>>> print(open('model-v6.tsv').read())   # TSV, C-alpha atoms
chain	number	residue	atom	x	y	z
Q	294	MET	CA	-46.43	-30.99	-41.31
Q	295	ASN	CA	-43.73	-33.44	-40.36
Q	296	GLY	CA	-42.61	-36.45	-42.34
Q	297	GLN	CA	-44.67	-38.92	-40.41
Q	298	THR	CA	-47.79	-36.87	-40.83
Q	299	LYS	CA	-47.17	-36.62	-44.54
Q	300	ALA	CA	-46.63	-40.35	-44.73
Q	301	LEU	CA	-49.84	-41.08	-42.92
Q	302	CYS	CA	-51.77	-38.57	-44.96
Q	303	LEU	CA	-50.45	-40.20	-48.06
Q	304	ALA	CA	-51.35	-43.59	-46.67
Q	305	VAL	CA	-54.86	-42.45	-45.90
Q	306	GLY	CA	-55.05	-40.80	-49.28
Q	307	ILE	CA	-54.15	-44.11	-50.84
Q	308	MET	CA	-56.66	-45.87	-48.64
Q	309	CYS	CA	-59.34	-43.41	-49.61
Q	310	PHE	CA	-58.80	-43.23	-53.28
Q	311	SER	CA	-57.32	-46.52	-54.37
Q	312	PRO	CA	-60.75	-48.05	-55.11
Q	313	MET	CA	-61.29	-45.31	-57.65
Q	314	LEU	CA	-57.80	-45.46	-59.02
Q	315	GLY	CA	-57.46	-49.15	-59.38
Q	316	GLY	CA	-55.10	-49.33	-56.45
Q	317	THR	CA	-52.62	-46.91	-57.93
Q	318	PRO	CA	-51.38	-44.39	-55.38
Q	319	SER	CA	-51.84	-40.83	-56.49
Q	320	PRO	CA	-49.27	-38.28	-55.44
Q	321	SER	CA	-52.04	-35.73	-55.46
Q	322	GLY	CA	-54.53	-38.03	-53.84
Q	323	GLN	CA	-55.86	-35.31	-51.58
Q	324	GLN	CA	-57.21	-33.54	-54.64
Q	325	VAL	CA	-59.14	-36.49	-56.03
Q	326	PRO	CA	-62.87	-36.25	-55.29
Q	327	LEU	CA	-64.50	-39.29	-53.79
Q	328	SER	CA	-68.21	-39.17	-54.33
Q	329	GLY	CA	-69.36	-42.33	-52.63
Q	330	PRO	CA	-68.41	-44.87	-50.01
Q	331	ALA	CA	-65.57	-47.26	-50.56
Q	332	THR	CA	-65.31	-50.69	-49.00
Q	333	ARG	CA	-62.67	-53.13	-47.79
Q	334	LEU	CA	-59.86	-50.67	-47.54
Q	335	THR	CA	-56.32	-51.37	-46.53
Q	336	SER	CA	-53.35	-49.08	-46.19
Q	337	VAL	CA	-49.81	-49.87	-45.10
Q	338	GLU	CA	-47.20	-47.45	-43.82
Q	339	TYR	CA	-43.60	-48.67	-43.84
Q	340	TRP	CA	-40.62	-48.01	-41.62
Q	341	PRO	CA	-37.92	-45.77	-43.08
Q	342	ALA	CA	-34.82	-47.26	-44.67
Q	343	PRO	CA	-33.14	-49.61	-44.14
Q	344	ASN	CA	-36.32	-51.35	-42.96
Q	345	ASP	CA	-38.46	-49.84	-45.65
Q	346	LYS	CA	-39.91	-53.22	-46.60
Q	347	GLN	CA	-41.19	-53.74	-43.08
Q	348	ALA	CA	-44.72	-52.58	-42.35
Q	349	LYS	CA	-45.07	-50.12	-39.50
Q	350	LEU	CA	-48.83	-49.66	-39.57
Q	351	ARG	CA	-51.54	-51.49	-41.37
Q	352	LEU	CA	-54.94	-49.83	-41.41
Q	353	ASP	CA	-58.03	-51.72	-42.42
Q	354	GLY	CA	-61.52	-50.37	-42.75
Q	355	ALA	CA	-64.70	-52.08	-43.79
Q	356	GLU	CA	-66.13	-48.92	-45.23
Q	357	MET	CA	-65.06	-45.33	-45.74
Q	358	THR	CA	-67.41	-42.51	-46.57
Q	359	PRO	CA	-66.24	-39.04	-47.53
Q	360	LEU	CA	-67.45	-36.13	-45.42
Q	361	PRO	CA	-67.10	-32.38	-45.92
Q	362	ASP	CA	-63.79	-30.66	-45.19
Q	363	THR	CA	-61.68	-33.63	-46.33
Q	364	LYS	CA	-62.83	-35.91	-43.57
Q	365	PHE	CA	-63.84	-39.52	-43.77
Q	366	GLU	CA	-66.13	-41.69	-41.75
Q	367	VAL	CA	-64.49	-45.06	-41.28
Q	368	LYS	CA	-66.40	-48.16	-40.21
Q	369	GLN	CA	-64.79	-51.11	-38.49
Q	370	LEU	CA	-61.37	-49.53	-38.30
Q	371	THR	CA	-58.54	-51.85	-37.33
Q	372	VAL	CA	-54.94	-50.71	-36.99
Q	373	HIS	CA	-52.03	-53.11	-36.55
Q	374	ALA	CA	-48.72	-51.61	-35.38
Q	375	PHE	CA	-45.46	-53.46	-35.91
Q	376	SER	CA	-41.94	-53.03	-34.63
Q	377	GLU	CA	-39.04	-52.59	-37.03
Q	378	ALA	CA	-38.34	-56.29	-36.53
Q	379	GLY	CA	-41.87	-57.11	-37.66
Q	380	LYS	CA	-43.29	-58.03	-34.29
Q	381	LEU	CA	-46.94	-57.13	-33.76
Q	382	GLN	CA	-47.07	-54.58	-30.98
Q	383	ALA	CA	-50.55	-53.18	-30.90
Q	384	VAL	CA	-53.99	-53.67	-32.35
Q	385	VAL	CA	-56.51	-50.86	-32.26
Q	386	GLU	CA	-60.15	-51.45	-33.07
Q	387	ALA	CA	-62.89	-48.88	-33.36
Q	388	PRO	CA	-66.34	-49.62	-34.78
Q	389	GLU	CA	-66.43	-46.16	-36.26
Q	390	CYS	CA	-64.48	-42.94	-36.31
Q	391	VAL	CA	-64.02	-39.77	-38.29
Q	392	TYR	CA	-60.60	-39.31	-39.78
Q	393	ALA	CA	-59.22	-35.98	-40.98
Q	394	PRO	CA	-56.02	-36.89	-42.81
Q	395	LEU	CA	-54.95	-33.32	-43.49
Q	396	ASP	CA	-55.19	-32.51	-39.80
Q	397	GLY	CA	-53.88	-35.87	-38.71
Q	398	VAL	CA	-56.81	-36.34	-36.35
Q	399	ALA	CA	-59.09	-39.29	-35.75
Q	400	ASN	CA	-61.93	-39.08	-33.28
Q	401	SER	CA	-65.14	-40.76	-32.33
Q	402	SER	CA	-67.76	-40.77	-29.63
Q	403	GLY	CA	-67.81	-44.52	-29.97
Q	404	HIS	CA	-65.86	-47.35	-28.48
Q	405	LEU	CA	-62.12	-47.96	-28.69
Q	406	GLN	CA	-60.18	-51.13	-27.96
Q	407	LEU	CA	-56.43	-51.30	-27.71
Q	408	LYS	CA	-54.60	-54.61	-27.37
Q	409	LEU	CA	-50.92	-54.70	-26.53
Q	410	MET	CA	-48.39	-57.44	-26.00
Q	411	ASP	CA	-50.54	-60.25	-27.40
Q	412	ASP	CA	-53.51	-58.87	-25.50
Q	413	LYS	CA	-51.69	-59.03	-22.18
Q	414	ILE	CA	-52.69	-55.40	-21.88
Q	415	HIS	CA	-56.19	-54.57	-22.96
Q	416	VAL	CA	-57.51	-50.99	-22.90
Q	417	GLU	CA	-61.04	-49.94	-23.69
Q	418	GLY	CA	-62.93	-46.69	-23.53
Q	419	ASP	CA	-65.71	-44.67	-25.04
Q	420	GLY	CA	-64.96	-41.56	-27.01
Q	421	PHE	CA	-61.45	-40.81	-28.20
Q	422	GLU	CA	-59.33	-38.39	-30.13
Q	423	TRP	CA	-55.99	-39.21	-31.64
Q	424	GLN	CA	-53.73	-36.31	-32.62
Q	425	GLN	CA	-51.24	-37.84	-34.94
Q	426	SER	CA	-48.86	-34.87	-35.16
Q	427	GLU	CA	-48.92	-34.35	-31.38
Q	428	ASP	CA	-48.66	-38.08	-30.75
Q	429	THR	CA	-51.45	-37.99	-28.21
Q	430	LEU	CA	-54.48	-40.11	-27.54
Q	431	ALA	CA	-57.29	-38.96	-25.28
Q	432	ILE	CA	-59.99	-41.37	-24.13
Q	433	SER	CA	-62.86	-39.39	-22.71
Q	434	ASN	CA	-65.09	-41.89	-20.93
Q	435	HIS	CA	-65.10	-45.22	-19.14
Q	436	VAL	CA	-61.42	-46.03	-19.47
Q	437	SER	CA	-60.83	-49.62	-18.50
Q	438	THR	CA	-57.53	-51.49	-18.53
Q	439	VAL	CA	-56.77	-55.12	-17.81
Q	440	ILE	CA	-53.15	-56.19	-17.45
Q	441	LYS	CA	-52.37	-59.89	-17.51
Q	442	THR	CA	-48.97	-60.11	-15.98
Q	443	GLY	CA	-46.63	-62.28	-14.03
Q	444	ALA	CA	-44.55	-59.26	-13.20
Q	445	TRP	CA	-46.50	-58.04	-10.22
Q	446	LYS	CA	-44.43	-57.58	-7.12
Q	447	PHE	CA	-45.99	-55.83	-4.21
Q	448	SER	CA	-43.74	-55.25	-1.28
Q	449	ALA	CA	-45.20	-51.86	-0.53
Q	450	PRO	CA	-46.56	-51.14	2.93
T	54	MET	CA	-51.81	-45.89	-34.24
T	55	ARG	CA	-48.22	-45.10	-33.93
T	56	THR	CA	-45.85	-47.59	-32.46
T	57	LYS	CA	-44.37	-44.96	-30.19
T	58	LEU	CA	-47.71	-44.42	-28.55
T	59	ALA	CA	-48.23	-48.13	-28.26
T	60	LEU	CA	-44.89	-48.53	-26.52
T	61	LEU	CA	-45.83	-45.72	-24.21
T	62	PHE	CA	-48.88	-47.67	-23.19
T	63	VAL	CA	-46.82	-50.77	-22.54
T	64	VAL	CA	-44.27	-49.06	-20.37
T	65	ALA	CA	-46.82	-46.98	-18.53
T	66	LEU	CA	-49.03	-49.87	-17.69
T	67	ALA	CA	-46.07	-51.90	-16.62
T	68	ALA	CA	-45.45	-49.12	-14.14
T	69	LEU	CA	-48.88	-49.66	-12.69
T	70	ALA	CA	-47.89	-53.21	-12.03
T	71	GLY	CA	-45.56	-51.90	-9.38
T	72	ALA	CA	-41.86	-51.62	-8.98
T	73	GLN	CA	-40.11	-54.62	-10.43
T	74	THR	CA	-36.39	-55.21	-10.32
T	75	ASN	CA	-34.63	-57.75	-12.43
T	76	SER	CA	-33.23	-59.59	-9.46
T	77	THR	CA	-36.57	-60.45	-7.92
T	78	PRO	CA	-38.10	-63.84	-8.65
T	79	ALA	CA	-41.13	-63.83	-10.89
T	80	PRO	CA	-44.31	-63.98	-8.84
T	81	LYS	CA	-47.31	-65.91	-9.99
T	82	SER	CA	-49.38	-64.55	-12.78
T	83	GLN	CA	-52.37	-62.40	-12.06
T	84	GLU	CA	-54.41	-59.61	-13.50
T	85	ILE	CA	-54.43	-55.92	-12.72
T	86	TYR	CA	-57.50	-53.85	-13.39
T	87	LEU	CA	-57.47	-50.11	-13.90
T	88	THR	CA	-60.52	-47.98	-14.40
T	89	SER	CA	-60.87	-44.23	-14.73
T	90	GLY	CA	-63.15	-41.67	-16.22
T	91	ARG	CA	-60.63	-40.34	-18.69
T	92	GLY	CA	-57.19	-41.17	-19.97
T	93	PHE	CA	-54.62	-39.05	-21.78
T	94	PHE	CA	-51.50	-40.40	-23.41
T	95	ASP	CA	-48.79	-38.05	-24.66
T	96	GLY	CA	-46.12	-39.82	-26.65
T	97	THR	CA	-43.99	-36.71	-27.08
T	98	ALA	CA	-43.88	-35.67	-23.44
T	99	ARG	CA	-43.86	-39.33	-22.49
T	100	VAL	CA	-46.58	-38.87	-19.94
T	101	VAL	CA	-49.67	-40.93	-19.27
T	102	VAL	CA	-52.46	-39.43	-17.17
T	103	TYR	CA	-55.56	-41.14	-15.87
T	104	TYR	CA	-58.29	-38.84	-14.49
T	105	ASP	CA	-61.51	-39.10	-12.53
T	106	HIS	CA	-62.07	-41.87	-10.03
T	107	VAL	CA	-58.92	-43.78	-10.86
T	108	VAL	CA	-58.95	-47.25	-9.34
T	109	VAL	CA	-56.20	-49.82	-9.69
T	110	THR	CA	-56.82	-53.27	-8.24
T	111	ASN	CA	-55.14	-56.61	-8.13
T	112	ALA	CA	-55.36	-59.64	-5.90
T	113	GLN	CA	-53.31	-57.95	-3.20
T	114	GLY	CA	-54.75	-54.52	-3.05
T	115	ARG	CA	-56.50	-51.50	-4.34
T	116	LEU	CA	-55.35	-47.97	-5.07
T	117	ALA	CA	-57.78	-45.14	-5.65
T	118	CYS	CA	-57.14	-41.50	-6.46
T	119	GLU	CA	-58.47	-38.78	-8.69
T	120	ARG	CA	-55.46	-38.39	-10.92
T	121	LEU	CA	-52.61	-40.74	-11.74
T	122	THR	CA	-49.69	-39.34	-13.75
T	123	ILE	CA	-46.87	-41.53	-14.99
T	124	HIS	CA	-43.65	-40.08	-16.38
T	125	LEU	CA	-41.51	-42.26	-18.59
T	126	PRO	CA	-37.80	-42.07	-19.37
T	127	PRO	CA	-36.74	-40.43	-22.64
T	128	ASP	CA	-36.64	-42.34	-25.85
T	129	GLY	CA	-33.54	-44.48	-26.11
T	130	ALA	CA	-32.84	-44.57	-22.40
T	131	PRO	CA	-31.13	-47.81	-21.38
T	132	ASP	CA	-33.76	-48.44	-18.72
T	133	SER	CA	-37.37	-48.22	-19.82
T	134	HIS	CA	-38.59	-48.24	-16.23
T	135	PRO	CA	-40.85	-45.28	-15.39
T	136	THR	CA	-38.97	-42.64	-13.47
T	137	ASN	CA	-41.85	-41.04	-11.68
T	138	ALA	CA	-45.53	-41.54	-11.00
T	139	VAL	CA	-47.84	-39.32	-9.01
T	140	ALA	CA	-51.20	-40.27	-7.53
T	141	GLU	CA	-53.11	-37.20	-6.44
T	142	THR	CA	-56.20	-36.22	-4.50
T	143	ASN	CA	-57.90	-38.57	-2.08
T	144	LEU	CA	-55.24	-41.22	-2.38
T	145	ASP	CA	-56.48	-44.36	-0.71
T	146	VAL	CA	-54.45	-47.57	-0.74
T	147	PHE	CA	-55.54	-50.85	0.75
T	148	CYS	CA	-53.20	-53.77	0.42
T	149	VAL	CA	-51.89	-56.96	1.92
T	150	ASP	CA	-48.12	-57.09	2.16
T	151	ASN	CA	-45.78	-60.03	1.70
T	152	LYS	CA	-46.34	-61.13	5.30
T	153	GLY	CA	-50.11	-61.11	5.03
T	154	ARG	CA	-50.57	-57.91	7.01
T	155	THR	CA	-53.25	-55.50	5.90
T	156	ASN	CA	-52.41	-51.86	5.35
T	157	HIS	CA	-54.71	-48.96	4.73
T	158	LEU	CA	-52.87	-45.84	3.72
T	159	VAL	CA	-54.47	-42.50	2.96
T	160	ALA	CA	-52.77	-39.29	1.86
T	161	ASP	CA	-53.30	-36.30	-0.31
T	162	LYS	CA	-50.61	-37.45	-2.68
T	163	GLY	CA	-48.30	-40.35	-3.41
T	164	ILE	CA	-45.12	-40.05	-5.45
T	165	TYR	CA	-43.24	-43.00	-6.87
T	166	ALA	CA	-39.62	-42.34	-7.84
T	167	TYR	CA	-37.18	-44.68	-9.50
T	168	GLY	CA	-33.58	-44.20	-10.49
T	169	VAL	CA	-30.30	-46.06	-10.80
T	170	ARG	CA	-27.06	-44.33	-9.91
T	171	ASN	CA	-23.68	-46.00	-9.78
T	172	GLY	CA	-25.40	-49.35	-10.05
T	173	VAL	CA	-27.59	-48.70	-7.02
T	174	THR	CA	-31.34	-48.70	-7.47
T	175	ASN	CA	-33.30	-46.09	-5.58
T	176	GLU	CA	-36.99	-46.75	-5.51
T	177	THR	CA	-39.38	-45.03	-3.14
T	178	PHE	CA	-43.00	-44.13	-2.55
T	179	THR	CA	-43.46	-40.81	-0.77
T	180	PHE	CA	-46.87	-40.20	0.77
T	181	GLY	CA	-48.08	-36.85	2.07
T	182	PRO	CA	-49.28	-34.47	3.15
T	183	HIS	CA	-51.70	-35.93	5.64
T	184	ALA	CA	-50.42	-39.46	5.25
T	185	THR	CA	-51.67	-42.11	7.65
T	186	ASN	CA	-51.09	-45.83	7.48
T	187	THR	CA	-53.31	-48.14	9.48
T	188	THR	CA	-52.35	-51.76	10.08
T	189	ASP	CA	-53.64	-54.57	12.25
T	190	GLU	CA	-51.20	-53.38	14.90
T	191	GLY	CA	-52.07	-49.70	14.95
T	192	TRP	CA	-51.55	-46.61	12.89
T	193	PHE	CA	-48.87	-44.05	12.24
T	194	THR	CA	-48.38	-40.78	10.44
T	195	GLY	CA	-45.46	-38.81	9.07
T	196	GLU	CA	-44.90	-35.74	6.93
T	197	PRO	CA	-44.07	-37.42	4.68
T	198	LEU	CA	-44.18	-41.17	4.96
T	199	ILE	CA	-41.55	-42.67	2.69
T	200	TRP	CA	-41.62	-46.32	1.76
T	201	ASP	CA	-38.27	-47.56	0.50
T	202	VAL	CA	-38.94	-50.44	-1.85
T	203	GLN	CA	-35.37	-51.71	-1.81
T	204	LYS	CA	-34.99	-51.57	1.96
T	205	THR	CA	-38.63	-52.58	2.53
T	206	ASN	CA	-39.07	-50.13	5.37
T	207	PHE	CA	-40.61	-46.76	6.16
T	208	ASP	CA	-38.75	-43.54	6.64
T	209	PHE	CA	-40.53	-40.73	8.43
T	210	GLY	CA	-40.34	-37.00	8.03
T	211	SER	CA	-41.56	-34.60	10.68
T	212	GLY	CA	-44.82	-34.82	12.58
T	213	VAL	CA	-44.44	-38.50	13.31
T	214	GLU	CA	-47.18	-40.01	15.40
T	215	MET	CA	-47.47	-43.71	16.19
T	216	HIS	CA	-50.24	-45.62	17.89
T	217	PHE	CA	-49.77	-49.36	18.34
T	218	LYS	CA	-51.76	-51.99	20.15
T	219	VAL	CA	-49.69	-53.87	22.71
T	220	ARG	CA	-50.28	-57.55	22.36
T	221	SER	CA	-50.96	-59.56	25.46
T	222	ASP	CA	-47.81	-61.63	25.12
T	223	ASN	CA	-45.68	-58.59	24.21
T	224	SER	CA	-43.78	-60.84	21.84
T	225	THR	CA	-44.29	-58.76	18.74
T	226	SER	CA	-44.60	-55.27	20.10
T	227	PRO	CA	-42.97	-52.87	17.71
T	228	PHE	CA	-41.53	-51.00	20.67
T	229	ASN	CA	-39.86	-54.01	22.26
T	230	MET	CA	-41.38	-53.02	25.60
T	231	LYS	CA	-40.07	-55.82	27.80
>>> encode(input="model-v6.tsv", output="structure tokens")
Amino acid sequence: MNGQTKALCLAVGIMCFSPMLGGTPSPSGQQVPLSGPATRLTSVEYWPAPNDKQAKLRLDGAEMTPLPDTKFEVKQLTVHAFSEAGKLQAVVEAPECVYAPLDGVANSSGHLQLKLMDDKIHVEGDGFEWQQSEDTLAISNHVSTVIKTGAWKFSAP
Amino acid sequence: MRTKLALLFVVALAALAGAQTNSTPAPKSQEIYLTSGRGFFDGTARVVVYYDHVVVTNAQGRLACERLTIHLPPDGAPDSHPTNAVAETNLDVFCVDNKGRTNHLVADKGIYAYGVRNGVTNETFTFGPHATNTTDEGWFTGEPLIWDVQKTNFDFGSGVEMHFKVRSDNSTSPFNMK
């Protein structure tokens, strides 16, 4: 497991268990049982030093329910990704997904929206799997992209 | 999701907007639509692949194929421009060029290549095998057909075949037949 995976697992661990722990991150969060759903969850992952006060990812979920095998069902997931300079780069929204923090995998048969560059690029699709350690995202159905751009130049034949 | 993946999306989709050099004036704003059955985005390999009935449209044209693969330069490269894109299987391009002429190009495959060497930009689309471009004035083939974006002209490989309509006034015949 690489450093980023560990960081995200820890972040998800915090997100999962902070309602039970009064918001205190647990270094052994993966071991803490969560017996019921938790609501209004937020987790922030930071850039490494020297920008370690700058958020890299902010994950919000309306509700998280534990599933077997250390997986979690997340409702109304929203992820904001920031640059090291603090500029918002991407917003991901999924009404629901299953997240396996130990595997670094999130997937869903449901809808996915991805907004980039102040929504100048808008991607949607149905069914997705994100492999965090592999840094891959697969959208399995109905991929649709709209690019609002002034950069189009078409001098092709 | 990770910023790296997000940046990959940005650069890849910018590639779909066509080849853009810094020296060209900014054209008017418009939207580009891309639909496909599936999409796969690999932030480590820096590859974006769209599968299954891929269609890219804008106000000037439409590109359809079954698979569109976009390769991006390595992390930290001074130029974030995509280096290579490949449209495969049943490639069908319909577009209106800068002079208002319609073009309908079909081929098994189309390869976009971009690179800068010694300050010179090389940017080409290579179509083939079985590439045919049909315009208002006729049609032509080549194995391959190579469109040079910088020179704005076609280069032809072997198997060149050209069929043009001769206009009644002969003023714009591509063969200068007078």
>>> atom_distance(input="model-v6.tsv", atom1="atom CA of Q:Glu366", atom2="atom CA of Q:Gly420")
14.8 Å
>>> atom_distance(input="model-v6.tsv", atom1="atom CA of Q:Gly418", atom2="atom CA of T:Ala112")
23.1 Å
>>> atom_distance(input="model-v6.tsv", atom1="atom CA of Q:Val385", atom2="atom CA of T:Asn137")
27.1 Å
>>> residues_around(input="model-v6.tsv", residues="stretch 83-85 of chain T", least_positions_apart="3", cutoff="6 Å", atoms="all atoms listed in the file", output="list of chain:residue names")
Q:Val439, Q:Ile440, Q:Lys441, Q:Thr442, T:Thr110, T:Asn111
>>> closest_residue(input="model-v6.tsv", among="Q:Ser376, Q:Gln347, Q:Thr332, Q:Ser402", to="chain T", atoms="all atoms listed in the file")
Q:Ser376
>>> closest_residue(input="model-v6.tsv", among="Q:Pro343, Q:Ser336, Q:Glu422, Q:Leu395", to="Q:Ala378", atoms="all atoms listed in the file")
Q:Pro343
>>> residues_around(input="model-v6.tsv", residues="T:Asn156", least_positions_apart="2", cutoff="9 Å", atoms="all atoms listed in the file", output="ChimeraX atom specification")
/Q:450 /T:146-150,154,158,186-189
>>> residues_around(input="model-v6.tsv", residues="Q:Asn434", least_positions_apart="6", cutoff="9 Å", atoms="only C-alpha atoms", output="list of chain:residue names")
Q:Gly418, Q:Asp419, Q:Gly420, Q:Phe421, T:Ser89, T:Gly90, T:Arg91, T:Gly92
>>> closest_residue(input="model-v6.tsv", among="T:Phe209, T:Tyr86, T:Phe180, T:Phe193", to="chain Q", atoms="all atoms listed in the file")
T:Tyr86
>>> closest_residue(input="model-v6.tsv", among="Q:Val384, Q:Ala331, Q:Val337, Q:Leu405", to="Q:Lys349", atoms="only C-alpha atoms")
Q:Val337
>>> residues_near_point(input="model-v6.tsv", point="(-49.3, -52.0, -42.0)", cutoff="8 Å", atoms="all atoms listed in the file", output="list in words")
Ser336, Val337, Glu338, Tyr339, Ala348, Lys349, Leu350, Arg351, Leu352, Val372, His373, Ala374 and Phe375 of chain Q
>>> write_last_selection(input="model-v6.tsv", atoms="C-alpha atoms", output="short mmCIF file (atom, residue, chain, number, x, y, z; two decimals), keeping the file's coordinate frame")
data_model
loop_
_atom_site.label_atom_id
_atom_site.label_comp_id
_atom_site.auth_asym_id
_atom_site.auth_seq_id
_atom_site.Cartn_x
_atom_site.Cartn_y
_atom_site.Cartn_z
CA SER Q 336 -53.35 -49.08 -46.19
CA VAL Q 337 -49.81 -49.87 -45.10
CA GLU Q 338 -47.20 -47.45 -43.82
CA TYR Q 339 -43.60 -48.67 -43.84
CA ALA Q 348 -44.72 -52.58 -42.35
CA LYS Q 349 -45.07 -50.12 -39.50
CA LEU Q 350 -48.83 -49.66 -39.57
CA ARG Q 351 -51.54 -51.49 -41.37
CA LEU Q 352 -54.94 -49.83 -41.41
CA VAL Q 372 -54.94 -50.71 -36.99
CA HIS Q 373 -52.03 -53.11 -36.55
CA ALA Q 374 -48.72 -51.61 -35.38
CA PHE Q 375 -45.46 -53.46 -35.91
#
>>> closest_residue(input="model-v6.tsv", among="Q:Cys390, Q:Asp396, Q:Ala383, Q:Gln406", to="chain T", atoms="all atoms listed in the file")
Q:Ala383
>>> closest_residue(input="model-v6.tsv", among="Q:Gln369, Q:Gln382, Q:Thr429, Q:Ser437", to="Q:His415", atoms="all atoms listed in the file")
Q:Ser437
>>> build_atoms(input="model-v6.tsv", residues="stretch 425-439 of chain Q", atoms="N, CA and C atoms", output="compact mmCIF listing (two decimals), in the frame of the given file")
# COMPACT_ATOMS: atom_id res chain seq x y z
N GLN Q 425 -52.40 -37.16 -34.39
CA GLN Q 425 -51.24 -37.84 -34.94
C GLN Q 425 -49.98 -36.99 -34.84
N SER Q 426 -50.06 -35.71 -35.16
CA SER Q 426 -48.86 -34.87 -35.16
C SER Q 426 -48.38 -34.60 -33.73
N GLU Q 427 -49.30 -34.57 -32.78
CA GLU Q 427 -48.92 -34.35 -31.38
C GLU Q 427 -48.57 -35.66 -30.69
N ASP Q 428 -48.91 -36.75 -31.34
CA ASP Q 428 -48.66 -38.08 -30.75
C ASP Q 428 -49.40 -38.24 -29.43
N THR Q 429 -50.66 -37.86 -29.43
CA THR Q 429 -51.45 -37.99 -28.21
C THR Q 429 -52.74 -38.75 -28.49
N LEU Q 430 -53.20 -39.43 -27.47
CA LEU Q 430 -54.48 -40.11 -27.54
C LEU Q 430 -55.25 -39.78 -26.27
N ALA Q 431 -56.43 -39.25 -26.43
CA ALA Q 431 -57.29 -38.96 -25.28
C ALA Q 431 -58.50 -39.87 -25.35
N ILE Q 432 -58.78 -40.55 -24.25
CA ILE Q 432 -59.99 -41.37 -24.13
C ILE Q 432 -60.87 -40.66 -23.13
N SER Q 433 -62.09 -40.33 -23.51
CA SER Q 433 -62.86 -39.39 -22.71
C SER Q 433 -63.80 -40.02 -21.71
N ASN Q 434 -64.13 -41.28 -21.86
CA ASN Q 434 -65.09 -41.89 -20.93
C ASN Q 434 -64.79 -43.37 -20.71
N HIS Q 435 -65.07 -43.79 -19.46
CA HIS Q 435 -65.10 -45.22 -19.14
C HIS Q 435 -63.82 -45.93 -19.54
N VAL Q 436 -62.70 -45.40 -19.14
CA VAL Q 436 -61.42 -46.03 -19.47
C VAL Q 436 -61.25 -47.26 -18.59
N SER Q 437 -60.98 -48.37 -19.22
CA SER Q 437 -60.83 -49.62 -18.50
C SER Q 437 -59.60 -50.35 -19.03
N THR Q 438 -58.76 -50.81 -18.13
CA THR Q 438 -57.53 -51.49 -18.53
C THR Q 438 -57.41 -52.80 -17.75
N VAL Q 439 -57.08 -53.85 -18.46
CA VAL Q 439 -56.77 -55.12 -17.81
C VAL Q 439 -55.36 -55.51 -18.21
